[in-house]
>>> print(open('query.txt').read())   # compact mmCIF, C-alpha atoms
# COMPACT_ATOMS: atom_id res chain seq x y z
CA MET A 185 4.67 9.98 25.04
CA PHE A 186 7.78 11.10 23.12
CA LYS A 187 9.73 8.12 24.50
CA GLU A 188 7.12 5.67 23.19
CA PHE A 189 6.94 7.39 19.82
CA SER A 190 10.72 7.32 19.45
CA LYS A 191 10.67 3.53 19.99
CA THR A 192 7.93 3.15 17.40
CA LEU A 193 9.84 5.42 15.03
CA THR A 194 12.97 3.27 15.37
CA ILE A 195 10.99 0.32 13.99
CA ALA A 196 9.09 2.50 11.53
CA ILE A 197 12.04 4.18 9.77
CA PRO A 198 13.24 1.05 7.92
CA LEU A 199 9.60 0.26 7.11
CA ILE A 200 9.06 3.79 5.81
CA ILE A 201 12.19 3.64 3.65
CA SER A 202 11.11 0.23 2.37
CA ASN A 203 7.59 1.47 1.59
CA ILE A 204 8.84 4.61 -0.14
CA SER A 205 11.27 2.52 -2.15
CA GLN A 206 8.42 0.29 -3.32
CA VAL A 207 6.28 3.27 -4.32
CA SER A 208 9.32 4.84 -5.96
CA LEU A 209 9.27 1.97 -8.43
CA GLY A 210 5.93 3.34 -9.63
CA LEU A 211 7.27 6.90 -9.65
CA ILE A 212 10.30 5.80 -11.69
CA ASP A 213 8.00 3.97 -14.11
CA SER A 214 5.73 7.01 -14.48
CA ALA A 215 8.63 9.43 -14.99
CA MET A 216 10.38 7.22 -17.56
CA ILE A 217 7.25 6.30 -19.52
CA GLY A 218 6.01 9.91 -19.32
CA ALA A 219 9.12 10.91 -21.25
CA VAL A 220 7.91 8.74 -24.15
CA ASP A 221 4.37 10.08 -24.50
CA TYR A 222 1.61 11.44 -22.27
CA LYS A 223 -0.90 8.89 -23.65
CA GLN A 224 1.42 6.11 -22.52
CA LEU A 225 1.43 7.78 -19.09
CA ALA A 226 -2.39 7.80 -19.19
CA ALA A 227 -2.35 4.08 -20.12
CA SER A 228 -0.02 3.45 -17.20
CA SER A 229 -2.47 5.31 -14.96
CA LEU A 230 -5.38 3.18 -16.21
CA VAL A 231 -3.54 -0.06 -15.43
CA ILE A 232 -2.29 1.16 -12.05
CA ASN A 233 -5.86 2.07 -11.09
CA LEU A 234 -7.16 -1.35 -12.17
CA VAL A 235 -4.32 -3.34 -10.60
CA ALA A 236 -4.56 -1.37 -7.35
CA ILE A 237 -7.74 -3.09 -6.16
CA PRO A 238 -6.64 -6.76 -6.53
CA GLN A 239 -3.12 -5.82 -5.45
CA VAL A 240 -4.21 -4.35 -2.13
CA LEU A 241 -6.56 -7.29 -1.57
CA GLY A 242 -3.46 -9.46 -1.66
CA ILE A 243 -1.45 -7.03 0.48
CA GLY A 244 -4.26 -7.00 3.03
CA MET A 245 -3.94 -10.78 3.31
CA THR A 246 -0.21 -10.47 4.07
CA MET A 247 -1.03 -7.91 6.77
CA ALA A 248 -2.65 -10.68 8.82
CA MET A 249 0.75 -12.24 9.46
CA SER A 250 2.54 -9.49 11.39
CA PRO A 251 0.08 -9.04 14.32
CA LEU A 252 -0.23 -12.81 14.83
CA ILE A 253 3.55 -13.25 14.78
CA ALA A 254 4.07 -10.21 17.03
CA ILE A 255 1.52 -11.56 19.54
CA ALA A 256 3.25 -14.97 19.48
CA ASN A 257 6.58 -13.22 19.94
CA GLY A 258 5.19 -11.30 22.93
CA GLN A 259 4.17 -14.68 24.38
CA GLN A 260 7.64 -16.11 23.49
CA ASP A 261 5.98 -18.84 21.40
CA VAL A 262 8.52 -19.67 18.66
CA HIS A 263 6.51 -22.65 17.40
CA LYS A 264 3.38 -20.54 16.85
CA ALA A 265 5.34 -17.80 15.04
CA SER A 266 6.96 -20.38 12.76
CA LYS A 267 3.58 -21.97 12.04
CA VAL A 268 2.14 -18.57 11.07
CA LEU A 269 5.12 -17.98 8.76
CA PHE A 270 4.61 -21.24 6.87
CA ASN A 271 0.83 -21.12 6.62
CA GLY A 272 0.84 -17.39 5.91
CA PHE A 273 3.28 -17.84 3.04
CA LEU A 274 1.09 -20.59 1.56
CA LEU A 275 -2.04 -18.47 1.92
CA CYS A 276 -0.44 -15.39 0.36
CA THR A 277 1.00 -17.38 -2.56
CA ALA A 278 -2.36 -19.02 -3.25
CA THR A 279 -4.08 -15.63 -3.02
CA ALA A 280 -1.60 -14.12 -5.49
CA ALA A 281 -2.10 -16.96 -7.98
CA ILE A 282 -5.89 -16.65 -7.86
CA ILE A 283 -5.73 -12.87 -8.29
CA ALA A 284 -3.26 -13.02 -11.20
CA VAL A 285 -5.23 -15.66 -13.15
CA SER A 286 -8.50 -13.78 -12.58
CA MET A 287 -6.98 -10.53 -13.81
CA VAL A 288 -5.54 -12.07 -16.96
CA LEU A 289 -8.84 -13.79 -17.81
CA GLY A 290 -10.65 -10.47 -17.30
CA LYS A 291 -8.30 -8.22 -19.30
CA ALA A 292 -11.12 -7.23 -21.69
CA ILE A 293 -12.33 -4.86 -18.97
CA LEU A 294 -9.81 -2.32 -20.27
CA PHE A 295 -12.15 -1.62 -23.20
CA HIS A 296 -15.34 -1.29 -21.15
CA LEU A 297 -14.49 1.60 -18.84
CA GLY A 298 -15.22 4.53 -21.13
CA GLN A 299 -11.53 5.30 -21.65
CA ASP A 300 -9.76 6.67 -24.71
CA VAL A 301 -9.45 3.73 -27.18
CA ILE A 302 -5.76 4.38 -27.84
CA VAL A 303 -5.06 4.47 -24.10
CA ALA A 304 -6.85 1.12 -23.61
CA GLN A 305 -4.91 -0.47 -26.48
CA LEU A 306 -1.59 0.74 -25.11
CA ALA A 307 -2.49 -0.69 -21.68
CA GLN A 308 -3.16 -4.33 -22.71
CA GLN A 309 0.26 -5.99 -22.49
CA TYR A 310 1.32 -3.89 -19.51
CA TYR A 311 -1.81 -5.00 -17.64
CA VAL A 312 -1.08 -8.71 -18.16
CA VAL A 313 2.55 -8.58 -17.04
CA MET A 314 1.66 -6.46 -14.00
CA ALA A 315 -0.92 -9.09 -13.03
CA TRP A 316 1.72 -11.85 -13.04
CA SER A 317 4.17 -9.65 -11.12
CA LEU A 318 1.82 -9.84 -8.11
CA LEU A 319 3.05 -13.40 -7.45
CA PRO A 320 6.65 -12.51 -6.50
CA MET A 321 5.43 -9.29 -4.89
CA LEU A 322 3.11 -11.04 -2.41
CA MET A 323 5.69 -13.76 -1.73
CA PHE A 324 8.18 -11.03 -0.82
CA LEU A 325 5.64 -9.22 1.37
CA ALA A 326 4.66 -12.42 3.21
CA VAL A 327 8.25 -13.09 4.24
CA LYS A 328 8.77 -9.38 4.96
CA GLN A 329 5.78 -9.38 7.34
CA PHE A 330 7.43 -12.20 9.29
CA ALA A 331 10.73 -10.34 9.58
CA ASP A 332 9.00 -7.04 10.40
CA ALA A 333 6.92 -8.62 13.16
CA LEU A 334 10.15 -9.73 14.83
CA GLU A 335 11.40 -6.11 14.49
CA PHE A 336 14.05 -7.24 11.99
CA THR A 337 13.29 -4.58 9.39
CA LYS A 338 16.59 -3.48 7.88
CA THR A 339 17.17 -6.31 5.39
CA ALA A 340 13.87 -5.80 3.57
CA MET A 341 14.60 -2.07 3.60
CA LEU A 342 17.98 -2.59 1.90
CA LEU A 343 16.44 -4.88 -0.71
CA SER A 344 13.74 -2.31 -1.41
CA ILE A 345 16.39 0.39 -1.85
CA ILE A 346 18.41 -1.84 -4.21
CA SER A 347 15.26 -2.50 -6.24
CA MET A 348 15.06 1.19 -7.29
CA PRO A 349 18.28 1.45 -9.36
CA LEU A 350 17.71 -2.12 -10.57
CA ASN A 351 14.22 -1.24 -11.80
CA ALA A 352 15.43 2.03 -13.37
CA PHE A 353 18.20 0.18 -15.21
CA LEU A 354 15.80 -2.48 -16.50
CA ASN A 355 13.36 0.26 -17.53
CA TRP A 356 16.16 1.94 -19.49
CA VAL A 357 16.87 -1.36 -21.23
CA PHE A 358 13.31 -2.41 -22.08
CA ILE A 359 11.43 0.89 -22.47
CA TYR A 360 13.93 2.49 -24.83
CA GLY A 361 15.46 -0.65 -26.38
CA ASN A 362 19.02 -0.37 -25.08
CA LEU A 363 21.78 -3.02 -24.91
CA GLY A 364 20.28 -4.84 -27.88
CA ALA A 365 16.84 -5.28 -26.30
CA PRO A 366 13.70 -4.44 -28.34
CA ARG A 367 12.04 -1.07 -27.69
CA LEU A 368 8.94 -2.13 -25.71
CA GLU A 369 7.91 1.23 -24.19
CA LEU A 370 5.05 0.71 -21.67
CA PHE A 371 5.21 -3.09 -21.92
CA GLY A 372 8.92 -2.83 -21.13
CA THR A 373 8.05 -1.08 -17.88
CA GLY A 374 6.03 -4.12 -16.84
CA ILE A 375 8.82 -6.54 -17.78
CA ALA A 376 11.28 -4.51 -15.68
CA THR A 377 8.90 -4.54 -12.70
CA LEU A 378 8.35 -8.31 -12.97
CA ILE A 379 12.08 -9.10 -13.07
CA THR A 380 12.82 -6.73 -10.17
CA ARG A 381 10.12 -8.28 -7.97
CA ILE A 382 11.33 -11.82 -8.69
CA ILE A 383 14.91 -10.95 -7.74
CA ILE A 384 14.10 -9.27 -4.41
CA ALA A 385 11.59 -12.00 -3.42
CA ILE A 386 14.10 -14.81 -3.95
CA THR A 387 16.82 -12.85 -2.14
CA LEU A 388 14.70 -12.20 0.97
CA ILE A 389 13.52 -15.83 1.16
CA VAL A 390 17.13 -17.08 1.05
CA ILE A 391 18.18 -14.59 3.75
CA VAL A 392 15.38 -15.62 6.13
CA LEU A 393 16.18 -19.30 5.63
CA ARG A 394 19.89 -18.82 6.36
CA HIS A 395 20.30 -15.85 8.73
CA LYS A 396 21.07 -16.72 12.34
CA THR A 397 18.39 -14.33 13.65
CA PHE A 398 15.66 -16.56 12.22
CA GLN A 399 17.22 -19.95 12.98
CA PRO A 400 14.99 -20.71 16.03
CA TYR A 401 11.94 -20.27 13.79
CA ILE A 402 13.45 -22.21 10.88
CA GLN A 403 14.56 -25.04 13.17
CA ALA A 404 10.99 -25.35 14.41
CA ARG A 405 9.90 -26.21 10.86
CA HIS A 406 9.84 -29.99 11.45
CA LYS A 407 6.79 -29.62 13.69
CA ALA A 408 5.49 -26.17 12.72
CA TRP A 409 5.61 -26.25 8.92
CA LYS A 410 2.43 -28.19 8.36
CA PHE A 411 -0.91 -27.13 7.01
CA SER A 412 -3.00 -25.92 9.93
CA PHE A 413 -6.68 -25.21 9.47
CA LYS A 414 -6.72 -23.34 12.78
CA THR A 415 -3.87 -21.06 11.68
CA TRP A 416 -5.51 -20.42 8.30
CA ARG A 417 -8.71 -19.52 10.12
CA GLU A 418 -6.81 -17.04 12.34
CA LEU A 419 -5.09 -15.55 9.31
CA LEU A 420 -8.34 -15.27 7.39
CA HIS A 421 -10.10 -13.74 10.42
CA ILE A 422 -7.70 -10.80 10.18
CA GLY A 423 -6.71 -11.07 6.51
CA ILE A 424 -10.16 -10.95 4.91
CA PRO A 425 -11.31 -7.78 6.74
CA SER A 426 -7.86 -6.22 6.20
CA SER A 427 -8.09 -7.01 2.49
CA MET A 428 -11.57 -5.53 2.40
CA GLN A 429 -10.34 -2.38 4.17
CA TYR A 430 -7.48 -1.84 1.75
CA GLY A 431 -9.58 -3.00 -1.17
CA MET A 432 -12.35 -0.53 -0.46
CA GLU A 433 -9.85 2.28 -0.04
CA ALA A 434 -7.93 1.42 -3.20
CA GLY A 435 -11.20 0.72 -4.98
CA ALA A 436 -12.44 4.19 -4.14
CA PHE A 437 -9.26 5.74 -5.53
CA SER A 438 -9.38 3.49 -8.60
CA VAL A 439 -13.03 4.24 -9.36
CA SER A 440 -12.27 7.92 -8.93
CA GLY A 441 -9.35 7.53 -11.33
CA ILE A 442 -11.63 5.87 -13.88
CA MET A 443 -14.17 8.69 -13.49
CA ILE A 444 -11.38 11.19 -14.07
CA GLY A 445 -10.59 9.24 -17.26
CA TRP A 446 -14.04 10.28 -18.51
CA LEU A 447 -12.71 13.83 -18.47
CA GLY A 448 -9.93 12.99 -20.95
CA ALA A 449 -6.29 11.87 -21.10
CA THR A 450 -4.98 15.20 -19.78
CA ALA A 451 -7.06 15.00 -16.60
CA GLN A 452 -6.11 11.35 -16.12
CA ALA A 453 -2.39 12.02 -16.51
CA ALA A 454 -2.59 14.95 -14.06
CA HIS A 455 -4.52 12.80 -11.59
CA GLN A 456 -1.84 10.09 -11.77
CA ILE A 457 0.93 12.59 -11.09
CA ALA A 458 -0.81 14.02 -8.03
CA LEU A 459 -1.76 10.55 -6.80
CA ASN A 460 1.82 9.30 -7.21
CA LEU A 461 3.03 12.11 -4.97
CA ALA A 462 0.27 11.57 -2.40
CA SER A 463 1.04 7.83 -2.40
CA THR A 464 4.68 8.58 -1.65
CA THR A 465 3.90 10.63 1.45
CA PHE A 466 1.35 8.00 2.50
CA MET A 467 4.11 5.37 2.66
CA ALA A 468 5.64 7.07 5.69
CA ALA A 469 2.26 7.05 7.44
CA LEU A 470 1.88 3.38 6.52
CA GLY A 471 5.30 2.66 8.02
CA LEU A 472 4.19 4.30 11.28
CA SER A 473 0.96 2.29 11.11
CA LEU A 474 2.83 -1.01 10.68
CA ALA A 475 5.31 -0.20 13.45
CA GLY A 476 2.50 0.87 15.77
CA SER A 477 0.57 -2.31 14.93
CA ILE A 478 3.59 -4.50 15.72
CA ARG A 479 4.26 -2.79 19.08
CA VAL A 480 0.58 -2.78 20.03
CA ALA A 481 0.27 -6.49 19.12
CA ASN A 482 3.37 -7.33 21.15
CA ALA A 483 1.97 -5.50 24.18
CA TYR A 484 -1.42 -7.14 23.58
CA GLY A 485 0.26 -10.56 23.59
CA ARG A 486 1.89 -9.73 26.96
CA ASN A 487 -1.44 -8.33 28.26
CA ASP A 488 0.30 -5.00 28.90
CA THR A 489 -2.69 -2.76 28.21
CA ASN A 490 -1.09 0.40 29.59
CA GLN A 491 1.77 0.23 27.12
CA MET A 492 -0.61 -0.74 24.35
CA ARG A 493 -2.60 2.48 24.83
CA SER A 494 0.55 4.56 25.25
CA VAL A 495 2.02 3.23 22.01
CA GLY A 496 -1.26 3.91 20.20
CA THR A 497 -1.82 7.47 21.37
CA SER A 498 1.80 8.46 20.73
CA THR A 499 1.65 7.01 17.21
CA ILE A 500 -1.59 8.89 16.43
CA THR A 501 -0.02 12.14 17.65
CA GLY A 502 3.11 11.56 15.57
CA GLY A 503 0.96 10.85 12.50
CA LEU A 504 -0.94 14.08 13.07
CA PHE A 505 2.25 16.16 13.02
CA TYR A 506 3.55 14.27 9.99
CA GLY A 507 0.33 14.94 8.05
CA CYS A 508 0.61 18.68 8.76
CA PHE A 509 4.19 18.70 7.47
CA CYS A 510 3.20 16.94 4.23
CA ALA A 511 0.30 19.32 3.67
CA LEU A 512 2.65 22.29 3.91
CA LEU A 513 5.13 20.62 1.55
CA PHE A 514 2.48 20.01 -1.12
CA ILE A 515 1.26 23.60 -1.02
CA VAL A 516 4.73 25.16 -1.19
CA LEU A 517 6.04 22.92 -4.00
CA ARG A 518 2.82 22.35 -5.95
CA GLN A 519 4.04 24.17 -9.07
CA GLN A 520 7.42 22.42 -9.25
CA LEU A 521 6.60 18.80 -8.40
CA PRO A 522 4.47 17.90 -11.48
CA TYR A 523 7.38 18.62 -13.85
CA ILE A 524 9.19 15.58 -12.43
CA PHE A 525 6.70 13.48 -14.40
CA THR A 526 5.75 15.49 -17.47
CA ASN A 527 6.85 18.33 -19.74
CA ASN A 528 3.26 19.00 -20.83
CA ASN A 529 2.27 22.38 -19.34
CA GLU A 530 -1.48 21.68 -19.42
CA VAL A 531 -1.03 18.41 -17.49
CA ALA A 532 1.37 20.05 -15.01
CA LEU A 533 -0.99 22.97 -14.34
CA LEU A 534 -3.93 20.70 -13.53
CA ALA A 535 -1.70 18.45 -11.39
CA SER A 536 -0.55 21.47 -9.36
CA THR A 537 -4.20 22.35 -8.66
CA LEU A 538 -4.94 18.79 -7.54
CA LEU A 539 -1.98 18.92 -5.16
CA VAL A 540 -3.71 21.71 -3.23
CA PHE A 541 -6.58 19.33 -2.52
CA GLY A 542 -4.07 16.55 -1.90
CA ALA A 543 -2.59 18.74 0.82
CA LEU A 544 -6.00 18.92 2.51
CA PHE A 545 -6.24 15.19 3.07
CA GLN A 546 -2.64 14.57 4.17
CA ILE A 547 -3.56 14.79 7.86
CA SER A 548 -6.60 12.51 7.69
CA ASP A 549 -4.81 10.11 5.31
CA ALA A 550 -1.93 9.66 7.76
CA THR A 551 -4.07 9.26 10.86
CA GLN A 552 -6.62 6.91 9.29
CA ALA A 553 -3.82 4.57 8.19
CA ILE A 554 -2.48 4.56 11.75
CA GLY A 555 -5.94 3.91 13.18
CA VAL A 556 -6.37 0.82 10.98
CA GLY A 557 -2.97 -0.55 12.01
CA LEU A 558 -3.46 0.00 15.73
CA LEU A 559 -6.82 -1.74 15.71
CA ARG A 560 -5.39 -4.66 13.72
CA GLY A 561 -2.74 -5.04 16.43
CA THR A 562 -5.55 -5.85 18.88
CA LYS A 563 -7.29 -8.19 16.38
CA ASP A 564 -10.10 -5.66 15.94
CA VAL A 565 -10.92 -5.72 12.23
CA LYS A 566 -14.66 -6.17 11.63
CA LEU A 567 -16.10 -2.84 12.79
CA PRO A 568 -13.17 -0.88 11.26
CA THR A 569 -14.02 -2.52 7.94
CA ALA A 570 -17.57 -1.15 8.20
CA PHE A 571 -16.16 2.29 9.02
CA VAL A 572 -13.98 2.21 5.90
CA ALA A 573 -16.93 1.13 3.75
CA ILE A 574 -19.07 4.02 4.98
CA ALA A 575 -16.30 6.60 4.69
CA TYR A 576 -15.29 5.79 1.12
CA TRP A 577 -18.33 4.33 -0.58
CA ALA A 578 -21.20 6.07 1.18
CA ILE A 579 -19.44 9.44 1.42
CA GLY A 580 -16.22 9.80 -0.61
CA ILE A 581 -17.29 8.41 -4.00
CA PRO A 582 -20.81 9.99 -4.07
CA VAL A 583 -19.45 13.39 -2.98
CA GLY A 584 -16.69 13.21 -5.59
CA TYR A 585 -19.10 12.26 -8.38
CA TYR A 586 -21.59 14.96 -7.41
CA LEU A 587 -18.97 17.71 -7.30
CA ALA A 588 -17.19 16.56 -10.46
CA PHE A 589 -20.13 15.96 -12.80
CA VAL A 590 -23.18 17.69 -11.30
CA VAL A 591 -21.50 20.82 -9.93
CA LYS A 592 -19.05 20.61 -12.89
CA MET A 593 -15.90 20.95 -10.80
CA GLY A 594 -14.14 18.28 -12.82
CA ALA A 595 -11.09 16.51 -11.36
CA THR A 596 -10.95 18.89 -8.38
CA GLY A 597 -14.43 17.75 -7.32
CA ILE A 598 -13.31 14.13 -7.23
CA TRP A 599 -10.33 15.08 -5.09
CA LEU A 600 -12.64 16.88 -2.66
CA GLY A 601 -14.45 13.55 -2.42
CA PHE A 602 -11.14 12.03 -1.31
CA VAL A 603 -10.90 14.66 1.42
CA SER A 604 -14.36 13.94 2.79
CA GLY A 605 -13.95 10.15 2.80
CA LEU A 606 -10.51 10.14 4.42
CA THR A 607 -11.59 12.59 7.12
CA VAL A 608 -14.58 10.49 8.16
CA SER A 609 -12.45 7.33 8.13
CA SER A 610 -9.77 8.91 10.32
CA ILE A 611 -12.22 10.15 12.94
CA LEU A 612 -14.12 6.85 13.23
CA LEU A 613 -11.03 4.61 13.37
CA ASN A 614 -9.07 6.59 15.92
CA LEU A 615 -12.04 7.08 18.21
CA ARG A 616 -12.57 3.31 18.01
CA PHE A 617 -8.97 2.60 19.10
CA LEU A 618 -9.16 5.05 21.99
CA LYS A 619 -12.41 3.48 23.19
CA ARG A 620 -11.18 -0.11 22.75
CA SER A 621 -7.84 0.47 24.47
CA ARG A 622 -9.60 2.14 27.41
CA MET A 623 -11.95 -0.85 27.75
CA LEU A 624 -9.04 -3.33 27.63
CA MET A 625 -7.28 -1.34 30.37
CA VAL A 626 -10.38 -1.61 32.57
CA THR A 627 -10.98 -5.32 31.92
CA GLY A 628 -7.37 -6.47 31.46
>>> encode(input="query.txt", output="structure tokens")
Amino acid sequence: MFKEFSKTLTIAIPLIISNISQVSLGLIDSAMIGAVDYKQLAASSLVINLVAIPQVLGIGMTMAMSPLIAIANGQQDVHKASKVLFNGFLLCTATAAIIAVSMVLGKAILFHLGQDVIVAQLAQQYYVVMAWSLLPMLMFLAVKQFADALEFTKTAMLLSIISMPLNAFLNWVFIYGNLGAPRLELFGTGIATLITRIIIAITLIVIVLRHKTFQPYIQARHKAWKFSFKTWRELLHIGIPSSMQYGMEAGAFSVSGIMIGWLGATAQAAHQIALNLASTTFMAALGLSLAGSIRVANAYGRNDTNQMRSVGTSTITGGLFYGCFCALLFIVLRQQLPYIFTNNNEVALLASTLLVFGALFQISDATQAIGVGLLRGTKDVKLPTAFVAIAYWAIGIPVGYYLAFVVKMGATGIWLGFVSGLTVSSILLNLRFLKRSRMLMVTG
């Protein structure tokens, strides 16, 4: 089991670093805008919560590419992998454009969510620019999924690392008005994010087109790079349920964030701090999930069901240990971590309390992410989508609302809702993979 996990971890480490780097952009934004004013941090939280749902819908669509390419790679079918790359990139770009236009046209929603009026006003311009930044983001992720599926993960990792100092520098320029630029504060954060995403997307596309590793797939373009209804149908078969899975999860967190906004700007700022930290630890679990999905899909393509199950069980076990480590980390450092993002003692105190509850769901958060990825690697997406819907929307949100507003537990009640939803999701998804892999071993 350790041998299989070490192989998965070798693929996962660059993915983890890349994921953490991407989330770090949000952490950098929050820390730098939090230094301006806590209401601007609350406005940032409002936009991040609203953007999260359409953003993960788009990310879910890109997730359809890696298992299909990994399966084709396991079958040594270069033409099929190249066809998925081309059609997947088109699909993801079209998805991003539709999402961005819809978000901009619906920006008035900021004033209809029961939020502080000043917070909603501060959020307007930032919301619009973050909507448009989804275009280069999803283009980057589409090409990254192709490279990741071929286990070529280091280039995207390096670009993600480079994006952090680049984004911080652009934040320094546009938030505070340095080097002759106007002082744009929260709007400047969005401008910096947009420019950063454009630069790394263009860079990765150029690398894939020119690097020798990808030349067999690029050379196949004359026959493979054509619109294929069959390929779009395959992508949508996995992409739509994957988008729904991520959308329902992000939607649950976003709705919870909006409900916390009803409790005031202090509670919302504290929630965003704790959620930023939880999102950072989640990126490592997501990296393990992606790596496990790629290896499971490759074995699935070769019809090697024994290895498929071995990869899956070892990845689940590794995620379990990782979740325990993160839980301990949150508890030990709960009083120090919030001050990375704010100097407001009231906000920091509430954030430290939320981190205790964040520690409780670290294990289930890690293992449920892995369960989703492993099942996607076997093209099993429909029933897992139903599991996610039940866990978050039939359990997590109602429990959170009841505890927060009926029992009067406030923000801590909503975070206990997170715990309940994630735990149910983890149990259902991982039991499903264990059952499915056992059946494939018997029939395969």
>>> residues_near_point(input="query.txt", point="(10.7, -9.4, 4.3)", cutoff="9 Å", atoms="all atoms listed in the file", output="PyMOL selection string")
chain A and resi 323-332+336-337+339-341+343+385+388-389+392
>>> residues_around(input="query.txt", residues="region 475-479 of chain A", least_positions_apart="3", cutoff="9 Å", atoms="only C-alpha atoms", output="JSON, numbers by chain")
{"A": [189, 192, 193, 194, 195, 196, 197, 199, 250, 251, 253, 254, 255, 332, 333, 334, 335, 470, 471, 472, 482, 483, 484, 491, 492, 495, 496, 499, 554, 556, 557, 558, 559, 560, 561, 562]}
>>> write_last_selection(input="query.txt", atoms="C-alpha atoms", output="PDB file, in the frame of the given file")
ATOM      1  CA  PHE A 189       6.940   7.390  19.820  1.00  0.00           C
ATOM      2  CA  THR A 192       7.930   3.150  17.400  1.00  0.00           C
ATOM      3  CA  LEU A 193       9.840   5.420  15.030  1.00  0.00           C
ATOM      4  CA  THR A 194      12.970   3.270  15.370  1.00  0.00           C
ATOM      5  CA  ILE A 195      10.990   0.320  13.990  1.00  0.00           C
ATOM      6  CA  ALA A 196       9.090   2.500  11.530  1.00  0.00           C
ATOM      7  CA  ILE A 197      12.040   4.180   9.770  1.00  0.00           C
ATOM      8  CA  LEU A 199       9.600   0.260   7.110  1.00  0.00           C
ATOM      9  CA  SER A 250       2.540  -9.490  11.390  1.00  0.00           C
ATOM     10  CA  PRO A 251       0.080  -9.040  14.320  1.00  0.00           C
ATOM     11  CA  ILE A 253       3.550 -13.250  14.780  1.00  0.00           C
ATOM     12  CA  ALA A 254       4.070 -10.210  17.030  1.00  0.00           C
ATOM     13  CA  ILE A 255       1.520 -11.560  19.540  1.00  0.00           C
ATOM     14  CA  ASP A 332       9.000  -7.040  10.400  1.00  0.00           C
ATOM     15  CA  ALA A 333       6.920  -8.620  13.160  1.00  0.00           C
ATOM     16  CA  LEU A 334      10.150  -9.730  14.830  1.00  0.00           C
ATOM     17  CA  GLU A 335      11.400  -6.110  14.490  1.00  0.00           C
ATOM     18  CA  LEU A 470       1.880   3.380   6.520  1.00  0.00           C
ATOM     19  CA  GLY A 471       5.300   2.660   8.020  1.00  0.00           C
ATOM     20  CA  LEU A 472       4.190   4.300  11.280  1.00  0.00           C
ATOM     21  CA  ASN A 482       3.370  -7.330  21.150  1.00  0.00           C
ATOM     22  CA  ALA A 483       1.970  -5.500  24.180  1.00  0.00           C
ATOM     23  CA  TYR A 484      -1.420  -7.140  23.580  1.00  0.00           C
ATOM     24  CA  GLN A 491       1.770   0.230  27.120  1.00  0.00           C
ATOM     25  CA  MET A 492      -0.610  -0.740  24.350  1.00  0.00           C
ATOM     26  CA  VAL A 495       2.020   3.230  22.010  1.00  0.00           C
ATOM     27  CA  GLY A 496      -1.260   3.910  20.200  1.00  0.00           C
ATOM     28  CA  THR A 499       1.650   7.010  17.210  1.00  0.00           C
ATOM     29  CA  ILE A 554      -2.480   4.560  11.750  1.00  0.00           C
ATOM     30  CA  VAL A 556      -6.370   0.820  10.980  1.00  0.00           C
ATOM     31  CA  GLY A 557      -2.970  -0.550  12.010  1.00  0.00           C
ATOM     32  CA  LEU A 558      -3.460   0.000  15.730  1.00  0.00           C
ATOM     33  CA  LEU A 559      -6.820  -1.740  15.710  1.00  0.00           C
ATOM     34  CA  ARG A 560      -5.390  -4.660  13.720  1.00  0.00           C
ATOM     35  CA  GLY A 561      -2.740  -5.040  16.430  1.00  0.00           C
ATOM     36  CA  THR A 562      -5.550  -5.850  18.880  1.00  0.00           C
TER      37      THR A 562
END
>>> closest_residue(input="query.txt", among="A:Met216, A:Ala265, A:Leu230, A:Val235", to="Ala434 (chain A)", atoms="all atoms listed in the file")
A:Val235
>>> residues_around(input="query.txt", residues="Ser205 (chain A)", least_positions_apart="5", cutoff="8 Å", atoms="only C-alpha atoms", output="ChimeraX atom specification")
/A:344-345,347-348
>>> closest_residue(input="query.txt", among="A:Phe545, A:Ala550, A:Gln399, A:Ile524", to="Tyr506 (chain A)", atoms="all atoms listed in the file")
A:Ala550
